[in-house]
>>> print(open('coords-v3.pdb').read())   # PDB, C-alpha atoms and all ligand atoms
ATOM      1  CA  MET A  20      -7.557  -8.576 -28.991
ATOM      2  CA  ALA A  21      -9.396  -8.806 -25.702
ATOM      3  CA  THR A  22     -10.946  -5.620 -24.324
ATOM      4  CA  PHE A  23     -11.763  -5.110 -20.668
ATOM      5  CA  GLU A  24     -14.025  -2.577 -18.991
ATOM      6  CA  THR A  25     -12.828  -2.164 -15.445
ATOM      7  CA  ASP A  26     -12.547   0.110 -12.468
ATOM      8  CA  ALA A  27      -8.949   1.149 -11.879
ATOM      9  CA  VAL A  28      -6.871   3.313  -9.572
ATOM     10  CA  VAL A  29      -3.874   5.125 -11.070
ATOM     11  CA  LEU A  30      -0.843   4.144  -8.960
ATOM     12  CA  ARG A  31       1.805   5.940 -10.998
ATOM     13  CA  THR A  32       2.153   7.919 -14.231
ATOM     14  CA  LEU A  33       5.388   7.965 -16.228
ATOM     15  CA  ARG A  34       6.095  10.121 -19.278
ATOM     16  CA  TYR A  35       6.759   8.106 -22.380
ATOM     17  CA  GLY A  36       7.966   9.444 -25.709
ATOM     18  CA  GLU A  37       6.758  12.858 -26.781
ATOM     19  CA  SER A  38       3.143  12.685 -25.863
ATOM     20  CA  ASP A  39       2.332   9.318 -24.304
ATOM     21  CA  ALA A  40       2.157   8.179 -20.716
ATOM     22  CA  ILE A  41       2.634   4.757 -19.167
ATOM     23  CA  LEU A  42       0.390   4.122 -16.217
ATOM     24  CA  ALA A  43       0.560   1.614 -13.422
ATOM     25  CA  LEU A  44      -3.056   0.733 -12.631
ATOM     26  CA  LEU A  45      -4.620  -1.347  -9.888
ATOM     27  CA  THR A  46      -7.806  -3.117 -10.947
ATOM     28  CA  PRO A  47      -9.976  -5.601  -9.036
ATOM     29  CA  GLY A  48     -10.124  -8.296 -11.716
ATOM     30  CA  LEU A  49      -6.871  -7.929 -13.660
ATOM     31  CA  GLY A  50      -4.721  -6.999 -10.672
ATOM     32  CA  ARG A  51      -1.885  -4.581 -11.168
ATOM     33  CA  VAL A  52      -1.289  -3.801 -14.826
ATOM     34  CA  SER A  53       0.728  -1.388 -16.954
ATOM     35  CA  ALA A  54      -1.049   0.477 -19.728
ATOM     36  CA  ILE A  55       0.015   3.022 -22.312
ATOM     37  CA  ALA A  56      -2.183   6.085 -22.756
ATOM     38  CA  LYS A  57      -1.370   7.290 -26.258
ATOM     39  CA  GLY A  58      -1.390  11.029 -26.717
ATOM     40  CA  ALA A  59      -2.276  11.558 -23.057
ATOM     41  CA  ARG A  60       0.264  14.367 -22.694
ATOM     42  CA  LYS A  61      -0.799  16.338 -25.758
ATOM     43  CA  PRO A  62      -2.217  19.704 -24.730
ATOM     44  CA  THR A  63      -5.447  18.833 -26.532
ATOM     45  CA  SER A  64      -5.866  15.506 -24.754
ATOM     46  CA  LYS A  65      -9.066  15.083 -22.801
ATOM     47  CA  GLN A  66      -7.547  12.145 -20.925
ATOM     48  CA  GLY A  67      -4.285  13.687 -19.768
ATOM     49  CA  GLY A  68      -5.449  15.736 -16.819
ATOM     50  CA  ARG A  69      -7.461  12.817 -15.487
ATOM     51  CA  LEU A  70      -4.617  10.359 -15.260
ATOM     52  CA  GLN A  71      -3.037  11.543 -12.023
ATOM     53  CA  PRO A  72      -1.945   9.145  -9.279
ATOM     54  CA  GLY A  73      -4.781   8.452  -6.867
ATOM     55  CA  VAL A  74      -7.546   9.032  -9.417
ATOM     56  CA  ARG A  75     -10.163   6.310  -9.682
ATOM     57  CA  LEU A  76     -11.361   5.601 -13.189
ATOM     58  CA  GLN A  77     -13.596   3.477 -15.244
ATOM     59  CA  ALA A  78     -11.154   2.345 -17.909
ATOM     60  CA  THR A  79     -11.296   0.521 -21.217
ATOM     61  CA  LEU A  80      -8.143  -1.583 -21.512
ATOM     62  CA  VAL A  81      -7.078  -3.459 -24.631
ATOM     63  CA  GLU A  82      -4.625  -6.340 -24.417
ATOM     64  CA  GLY A  83      -1.408  -5.871 -26.348
ATOM     65  CA  ARG A  84       1.231  -8.296 -27.521
ATOM     66  CA  GLY A  85       3.315  -8.165 -24.353
ATOM     67  CA  ASP A  86       2.424  -7.191 -20.809
ATOM     68  CA  LEU A  87       1.637  -3.604 -21.741
ATOM     69  CA  MET A  88      -2.067  -2.907 -22.260
ATOM     70  CA  THR A  89      -3.483   0.083 -24.109
ATOM     71  CA  LEU A  90      -5.794   2.493 -22.324
ATOM     72  CA  ARG A  91      -8.555   3.413 -24.770
ATOM     73  CA  GLY A  92     -11.133   5.305 -22.797
ATOM     74  CA  THR A  93     -11.542   6.627 -19.317
ATOM     75  CA  GLN A  94     -14.265   8.080 -17.150
ATOM     76  CA  VAL A  95     -13.413   9.520 -13.789
ATOM     77  CA  ILE A  96     -15.256   7.867 -10.896
ATOM     78  CA  ASP A  97     -13.411   9.812  -8.181
ATOM     79  CA  ALA A  98     -10.816  12.489  -8.928
ATOM     80  CA  GLY A  99      -9.567  12.417  -5.330
ATOM     81  CA  ALA A 100      -9.985  16.179  -5.075
ATOM     82  CA  GLY A 101      -9.494  16.128  -1.312
ATOM     83  CA  LEU A 102      -6.003  14.669  -1.741
ATOM     84  CA  TRP A 103      -4.893  17.622  -3.838
ATOM     85  CA  MET A 104      -6.088  20.229  -1.351
ATOM     86  CA  ASP A 105      -3.386  19.470   1.172
ATOM     87  CA  GLY A 106       0.290  18.498   0.878
ATOM     88  CA  TYR A 107       0.076  16.199   3.897
ATOM     89  CA  ARG A 108      -2.771  14.209   2.368
ATOM     90  CA  LEU A 109      -1.021  14.050  -0.991
ATOM     91  CA  ARG A 110       2.135  12.630   0.562
ATOM     92  CA  ALA A 111       0.172  10.140   2.668
ATOM     93  CA  ALA A 112      -1.691   9.043  -0.484
ATOM     94  CA  GLY A 113       1.685   8.700  -2.221
ATOM     95  CA  CYS A 114       2.814   6.262   0.499
ATOM     96  CA  VAL A 115      -0.339   4.167  -0.001
ATOM     97  CA  LEU A 116       0.048   4.125  -3.789
ATOM     98  CA  GLU A 117       3.716   3.173  -3.537
ATOM     99  CA  ALA A 118       2.890   0.303  -1.180
ATOM    100  CA  ALA A 119       0.284  -1.022  -3.651
ATOM    101  CA  LEU A 120       2.713  -0.633  -6.546
ATOM    102  CA  ARG A 121       5.417  -2.600  -4.770
ATOM    103  CA  VAL A 122       3.402  -5.200  -2.868
ATOM    104  CA  VAL A 123       0.479  -6.217  -5.129
ATOM    105  CA  PRO A 124       1.670  -8.725  -7.764
ATOM    106  CA  GLU A 125       1.056  -8.074 -11.461
ATOM    107  CA  HIS A 126      -1.731  -9.835 -13.358
ATOM    108  CA  GLU A 127      -3.349 -11.536 -10.383
ATOM    109  CA  GLU A 128      -6.931 -10.956  -9.272
ATOM    110  CA  ALA A 129      -6.730  -8.213  -6.645
ATOM    111  CA  GLU A 130     -10.213  -7.463  -5.401
ATOM    112  CA  ALA A 131      -9.149  -7.234  -1.737
ATOM    113  CA  PRO A 132      -6.162  -4.933  -2.405
ATOM    114  CA  TYR A 133      -8.279  -2.815  -4.756
ATOM    115  CA  ASN A 134     -10.987  -2.326  -2.136
ATOM    116  CA  LEU A 135      -8.331  -1.591   0.495
ATOM    117  CA  ILE A 136      -6.546   1.042  -1.591
ATOM    118  CA  THR A 137      -9.723   2.837  -2.690
ATOM    119  CA  ARG A 138     -10.941   2.859   0.926
ATOM    120  CA  ALA A 139      -7.575   4.223   2.103
ATOM    121  CA  LEU A 140      -7.608   7.007  -0.490
ATOM    122  CA  SER A 141     -11.127   8.075   0.438
ATOM    123  CA  LEU A 142     -10.202   8.199   4.145
ATOM    124  CA  ILE A 143      -6.979  10.128   3.492
ATOM    125  CA  ALA A 144      -8.870  12.578   1.255
ATOM    126  CA  VAL A 145     -10.680  13.900   4.362
ATOM    127  CA  ALA A 146      -7.973  13.184   6.960
ATOM    128  CA  PRO A 147      -6.609  15.922   9.209
ATOM    129  CA  ALA A 148      -2.902  16.717   8.880
ATOM    130  CA  ARG A 149      -0.951  15.390  11.864
ATOM    131  CA  ASP A 150       2.303  16.416  13.511
ATOM    132  CA  GLU A 151       4.068  13.200  12.467
ATOM    133  CA  PRO A 152       5.364  12.723   8.908
ATOM    134  CA  PRO A 153       2.675  11.501   6.450
ATOM    135  CA  ARG A 154       4.380   8.088   6.131
ATOM    136  CA  LEU A 155       3.447   7.502   9.801
ATOM    137  CA  ASP A 156      -0.208   8.447   9.278
ATOM    138  CA  PRO A 157      -2.441   5.763  10.850
ATOM    139  CA  TYR A 158      -4.259   5.201   7.539
ATOM    140  CA  VAL A 159      -0.916   4.659   5.779
ATOM    141  CA  LEU A 160       0.226   2.174   8.434
ATOM    142  CA  GLY A 161      -3.185   0.483   8.471
ATOM    143  CA  THR A 162      -3.099   0.070   4.708
ATOM    144  CA  GLN A 163       0.402  -1.398   4.811
ATOM    145  CA  ALA A 164      -0.580  -3.782   7.625
ATOM    146  CA  LYS A 165      -3.636  -4.955   5.683
ATOM    147  CA  LEU A 166      -1.547  -5.378   2.523
ATOM    148  CA  LEU A 167       0.643  -7.738   4.571
ATOM    149  CA  ALA A 168      -2.498  -9.634   5.533
ATOM    150  CA  VAL A 169      -3.796  -9.973   1.955
ATOM    151  CA  SER A 170      -0.316 -11.147   0.955
ATOM    152  CA  GLY A 171      -0.548 -13.950   3.536
ATOM    153  CA  LEU A 172       2.049 -12.326   5.786
ATOM    154  CA  VAL A 173       0.188 -11.601   9.034
ATOM    155  CA  PRO A 174       2.898 -11.310  11.704
ATOM    156  CA  HIS A 175       2.395 -13.780  14.535
ATOM    157  CA  LEU A 176       2.208 -11.788  17.753
ATOM    158  CA  ALA A 177       0.024 -13.875  20.093
ATOM    159  CA  SER A 178       2.773 -16.325  21.109
ATOM    160  CA  CYS A 179       6.402 -16.995  20.188
ATOM    161  CA  ALA A 180       6.653 -17.357  16.402
ATOM    162  CA  ALA A 181       9.715 -19.585  16.794
ATOM    163  CA  CYS A 182       8.852 -22.060  19.593
ATOM    164  CA  GLY A 183       5.139 -21.433  20.196
ATOM    165  CA  GLY A 184       5.805 -20.493  23.817
ATOM    166  CA  PRO A 185       3.591 -18.022  25.680
ATOM    167  CA  PRO A 186       4.159 -14.250  25.930
ATOM    168  CA  PRO A 187       5.841 -12.041  26.953
ATOM    169  CA  LEU A 188       7.514 -11.583  23.581
ATOM    170  CA  GLU A 189      10.808  -9.760  23.684
ATOM    171  CA  GLY A 190      12.053  -9.796  20.115
ATOM    172  CA  PHE A 191      10.734  -9.574  16.567
ATOM    173  CA  SER A 192      12.032 -11.948  13.942
ATOM    174  CA  ALA A 193      10.646 -11.382  10.456
ATOM    175  CA  SER A 194      12.189 -14.671   9.305
ATOM    176  CA  ALA A 195      10.358 -16.551  12.087
ATOM    177  CA  GLY A 196       7.221 -14.598  11.132
ATOM    178  CA  GLY A 197       6.617 -12.488  14.217
ATOM    179  CA  GLY A 198       7.377 -11.955  17.884
ATOM    180  CA  VAL A 199       9.745 -14.283  19.747
ATOM    181  CA  CYS A 200      10.068 -15.123  23.457
ATOM    182  CA  GLY A 201      13.074 -14.222  25.597
ATOM    183  CA  ALA A 202      14.734 -17.638  25.147
ATOM    184  CA  CYS A 203      14.390 -17.535  21.343
ATOM    185  CA  TYR A 204      15.420 -13.866  21.192
ATOM    186  CA  ILE A 205      18.790 -14.200  22.911
ATOM    187  CA  GLY A 206      21.569 -14.526  20.372
ATOM    188  CA  SER A 207      19.097 -14.851  17.479
ATOM    189  CA  GLY A 208      19.842 -11.546  15.760
ATOM    190  CA  ALA A 209      16.149 -10.610  16.087
ATOM    191  CA  GLU A 210      15.270  -7.003  16.912
ATOM    192  CA  ALA A 211      13.924  -5.868  20.261
ATOM    193  CA  LEU A 212      10.124  -5.684  20.218
ATOM    194  CA  GLU A 213       8.422  -2.584  21.583
ATOM    195  CA  PRO A 214       5.150  -3.721  23.190
ATOM    196  CA  ALA A 215       3.352  -0.542  22.052
ATOM    197  CA  ALA A 216       4.366  -1.136  18.431
ATOM    198  CA  ALA A 217       3.212  -4.760  18.588
ATOM    199  CA  ASP A 218      -0.118  -3.707  20.138
ATOM    200  CA  ALA A 219      -0.603  -1.090  17.403
ATOM    201  CA  LEU A 220       0.073  -3.608  14.654
ATOM    202  CA  VAL A 221      -2.286  -6.180  16.170
ATOM    203  CA  ALA A 222      -5.012  -3.516  16.413
ATOM    204  CA  LEU A 223      -4.435  -2.301  12.831
ATOM    205  CA  LEU A 224      -4.786  -5.862  11.551
ATOM    206  CA  ALA A 225      -7.889  -6.633  13.595
ATOM    207  CA  ARG A 226      -9.925  -3.458  13.193
ATOM    208  CA  PRO A 227     -11.431  -1.703  10.145
ATOM    209  CA  LEU A 228      -9.186   0.784   8.377
ATOM    210  CA  ALA A 229     -11.477   3.652   9.380
ATOM    211  CA  GLU A 230     -10.529   2.977  13.023
ATOM    212  CA  ALA A 231      -6.769   3.106  12.364
ATOM    213  CA  PRO A 232      -6.324   6.458  14.183
ATOM    214  CA  GLU A 233      -7.568   4.774  17.383
ATOM    215  CA  CYS A 234      -5.092   1.889  16.927
ATOM    216  CA  VAL A 235      -1.829   3.826  16.744
ATOM    217  CA  PRO A 236      -0.768   6.180  19.536
ATOM    218  CA  PRO A 237       1.685   8.684  18.026
ATOM    219  CA  ASP A 238       4.646   7.236  19.951
ATOM    220  CA  ALA A 239       3.964   3.743  18.575
ATOM    221  CA  ALA A 240       3.770   4.742  14.895
ATOM    222  CA  ALA A 241       7.476   4.525  14.024
ATOM    223  CA  GLY A 242       7.780   1.146  15.760
ATOM    224  CA  ALA A 243       4.746  -0.248  13.918
ATOM    225  CA  GLU A 244       6.153   1.043  10.617
ATOM    226  CA  ARG A 245       9.420  -0.759  11.385
ATOM    227  CA  LEU A 246       7.707  -4.102  12.052
ATOM    228  CA  ILE A 247       5.791  -3.830   8.764
ATOM    229  CA  ALA A 248       8.992  -2.861   6.920
ATOM    230  CA  LEU A 249      10.871  -5.864   8.349
ATOM    231  CA  MET A 250       8.133  -8.239   7.134
ATOM    232  CA  LEU A 251       8.027  -6.659   3.661
ATOM    233  CA  ARG A 252      11.799  -6.831   3.265
ATOM    234  CA  GLU A 253      12.169 -10.375   4.574
ATOM    235  CA  HIS A 254       9.293 -11.996   2.699
ATOM    236  CA  LEU A 255       8.792  -9.896  -0.438
ATOM    237  CA  GLY A 256      12.186  -8.239  -0.842
ATOM    238  CA  VAL A 257      10.409  -4.865  -0.811
ATOM    239  CA  THR A 258      11.789  -1.712   0.811
ATOM    240  CA  LEU A 259       9.366   1.201   0.523
ATOM    241  CA  LYS A 260      11.019   4.468  -0.461
ATOM    242  CA  SER A 261       8.508   6.361   1.612
ATOM    243  CA  GLY A 262       9.554   4.440   4.729
ATOM    244  CA  THR A 263      12.528   4.881   7.021
ATOM    245  CA  PRO A 264      15.759   3.323   5.745
ATOM    246  CA  LEU A 265      16.390  -0.114   7.247
TER     247      LEU A 265
HETATM  248 ZN    ZN B 301      10.337 -18.946  21.726
END
>>> encode(input="coords-v3.pdb", output="structure tokens", more="lines below")
Ligand SMILES: [Zn+2]
Amino acid sequence: MATFETDAVVLRTLRYGESDAILALLTPGLGRVSAIAKGARKPTSKQGGRLQPGVRLQATLVEGRGDLMTLRGTQVIDAGAGLWMDGYRLRAAGCVLEAALRVVPEHEEAEAPYNLITRALSLIAVAPARDEPPRLDPYVLGTQAKLLAVSGLVPHLASCAACGGPPPLEGFSASAGGGVCGACYIGSGAEALEPAAADALVALLARPLAEAPECVPPDAAAGAERLIALMLREHLGVTLKSGTPL
């Protein structure tokens, strides 16, 4: 059976049986995969303590009969210690990991999402706690916006996504793919578009993730989150648990 040596980020760990764990991993070459770590939860296991969400590993993965791979060996590249020092950071990291788990498809090359998620985790590991909830952290929103982009779902916000007409845009229609002009908005069922939220999303998409805090004024964060959530729900059928209910 094929064996792969790969970098991987642990997205989620689930208990399985008496002593095993099933991991959701994000890898650059294999994409998102599930792998069983046999014996990982035995007290004597050397692996167990390393397999926490957010940890970056070098992993040896062996193909199985179905979709489930077997994790043979691991070496920690980055334990994400900074994430565990602060509840705010841990919850923000949880939002990023959940987004990757739900948005990145299984078994498809995922170099761009992998680089994005590892970058996000390293930024959050040194991020200051903010007054807003962690799900509205600029790095969380920036990561979600860039996951939209790597999924081919960049919202169109430069002109009307429905008729191509010029701004100002008054509504947001996820089904049309972005902002819509006043004429297309009326009676369409689209949501009102807050200009500050649209500006924040455009900036998050255009600028490096490290600059996300400069892209999102605190009063625009919830609106930007909502625009991202509408796109995810409309086009991927994904509603993030860490987000606000739609
Ligand atoms: Zn229009």
>>> resolve_selection(input="coords-v3.pdb", expression="the PyMOL selection byres (((chain A and resi 159) around 9) and not hetatm)", output="number ranges by chain")
A: 111-112, 114-115, 139, 143, 153-158, 160-164, 231
>>> residues_near_ligand(input="coords-v3.pdb", ligand="ligand ZN 301 (chain B)", cutoff="8 Å", atoms="all atoms listed in the file", output="NGL selection string")
:A and (179-185 or 199-204)
>>> residues_around(input="coords-v3.pdb", residues="Asp97 of chain A", least_positions_apart="4", cutoff="8 Å", atoms="all atoms listed in the file", output="list in words")
Val74, Arg75 and Leu76 of chain A
>>> closest_residue(input="coords-v3.pdb", among="A:Leu259, A:Ala98, A:Leu176, A:Ala118", to="Ser141 of chain A", atoms="only C-alpha atoms")
A:Ala98
>>> resolve_selection(input="coords-v3.pdb", expression="the PyMOL selection byres (((chain A and resi 222-229) around 12) and not hetatm)", output="ChimeraX atom specification")
/A:134-143,145-146,156-169,172-176,215-221,230-236,239-240,243-244,247
>>> resolve_selection(input="coords-v3.pdb", expression="the PyMOL selection byres (((chain A and resi 81) around 8) and not hetatm)", output="list in words")
Met20, Ala21, Thr22, Phe23, Thr79, Leu80, Glu82, Gly83, Met88, Thr89, Leu90 and Arg91 of chain A
>>> residues_near_point(input="coords-v3.pdb", point="(17.7, -10.6, 13.7)", cutoff="12 Å", atoms="all atoms listed in the file", output="list in words")
Gly190, Phe191, Ser192, Ala193, Ser194, Ala195, Gly196, Gly197, Gly198, Val199, Cys203, Tyr204, Ile205, Gly206, Ser207, Gly208, Ala209, Glu210, Ala211, Leu212, Leu249, Met250 and Glu253 of chain A
>>> atom_distance(input="coords-v3.pdb", atom1="atom CA of Asp150 of chain A", atom2="atom CA of Leu109 of chain A")
15.1 Å
>>> axis_aligned_box(input="coords-v3.pdb", around="segment 40-52 of chain A", padding_each_side="8 Å", output="AutoDock Vina command-line options")
--center_x -3.7 --center_y -0.1 --center_z -14.9 --size_x 28.8 --size_y 32.5 --size_z 27.7
>>> atom_distance(input="coords-v3.pdb", atom1="atom CA of Arg245 of chain A", atom2="atom CA of Glu130 of chain A")
26.7 Å
>>> closest_residue(input="coords-v3.pdb", among="A:Leu102, A:Leu30, A:Ala241, A:Ala43", to="Ala144 of chain A", atoms="only C-alpha atoms")
A:Leu102
>>> build_atoms(input="coords-v3.pdb", residues="segment 54-78 of chain A", atoms="N, CA and C atoms", output="compact mmCIF listing (two decimals), in the frame of the given file")
# COMPACT_ATOMS: atom_id res chain seq x y z
N ALA A 54 -0.29 0.13 -18.52
CA ALA A 54 -1.05 0.48 -19.73
C ALA A 54 -0.49 1.76 -20.32
N ILE A 55 -0.43 1.80 -21.64
CA ILE A 55 0.02 3.02 -22.31
C ILE A 55 -1.21 3.86 -22.68
N ALA A 56 -1.12 5.14 -22.38
CA ALA A 56 -2.18 6.08 -22.76
C ALA A 56 -1.60 6.94 -23.87
N LYS A 57 -1.98 6.60 -25.11
CA LYS A 57 -1.37 7.29 -26.26
C LYS A 57 -1.91 8.70 -26.37
N GLY A 58 -0.99 9.63 -26.53
CA GLY A 58 -1.39 11.03 -26.72
C GLY A 58 -1.86 11.71 -25.45
N ALA A 59 -1.70 11.02 -24.30
CA ALA A 59 -2.28 11.56 -23.06
C ALA A 59 -1.64 12.89 -22.66
N ARG A 60 -0.42 13.15 -23.12
CA ARG A 60 0.26 14.37 -22.69
C ARG A 60 0.20 15.46 -23.75
N LYS A 61 -0.58 15.23 -24.82
CA LYS A 61 -0.80 16.34 -25.76
C LYS A 61 -1.68 17.38 -25.08
N PRO A 62 -1.41 18.66 -25.38
CA PRO A 62 -2.22 19.70 -24.73
C PRO A 62 -3.71 19.56 -25.02
N THR A 63 -4.03 18.96 -26.16
CA THR A 63 -5.45 18.83 -26.53
C THR A 63 -6.10 17.59 -25.95
N SER A 64 -5.31 16.76 -25.24
CA SER A 64 -5.87 15.51 -24.75
C SER A 64 -6.93 15.74 -23.68
N LYS A 65 -8.04 15.00 -23.84
CA LYS A 65 -9.07 15.08 -22.80
C LYS A 65 -8.71 14.16 -21.64
N GLN A 66 -7.90 13.14 -21.94
CA GLN A 66 -7.55 12.14 -20.92
C GLN A 66 -6.52 12.68 -19.94
N GLY A 67 -5.50 13.39 -20.51
CA GLY A 67 -4.28 13.69 -19.77
C GLY A 67 -4.49 14.13 -18.34
N GLY A 68 -5.27 15.18 -18.15
CA GLY A 68 -5.45 15.74 -16.82
C GLY A 68 -6.12 14.79 -15.85
N ARG A 69 -6.74 13.74 -16.38
CA ARG A 69 -7.46 12.82 -15.49
C ARG A 69 -6.57 11.72 -14.96
N LEU A 70 -5.41 11.56 -15.53
CA LEU A 70 -4.62 10.36 -15.26
C LEU A 70 -3.58 10.57 -14.17
N GLN A 71 -3.96 11.27 -13.14
CA GLN A 71 -3.04 11.54 -12.02
C GLN A 71 -3.06 10.39 -11.03
N PRO A 72 -1.94 10.17 -10.33
CA PRO A 72 -1.94 9.14 -9.28
C PRO A 72 -3.05 9.41 -8.25
N GLY A 73 -3.72 8.34 -7.85
CA GLY A 73 -4.78 8.45 -6.87
C GLY A 73 -6.17 8.61 -7.46
N VAL A 74 -6.24 8.88 -8.77
CA VAL A 74 -7.55 9.03 -9.42
C VAL A 74 -8.15 7.65 -9.66
N ARG A 75 -9.46 7.57 -9.44
CA ARG A 75 -10.16 6.31 -9.68
C ARG A 75 -10.97 6.45 -10.97
N LEU A 76 -10.80 5.50 -11.84
CA LEU A 76 -11.36 5.60 -13.19
C LEU A 76 -12.24 4.41 -13.51
N GLN A 77 -13.12 4.62 -14.50
CA GLN A 77 -13.60 3.48 -15.24
C GLN A 77 -12.79 3.47 -16.54
N ALA A 78 -12.12 2.38 -16.81
CA ALA A 78 -11.15 2.35 -17.91
C ALA A 78 -11.51 1.26 -18.91
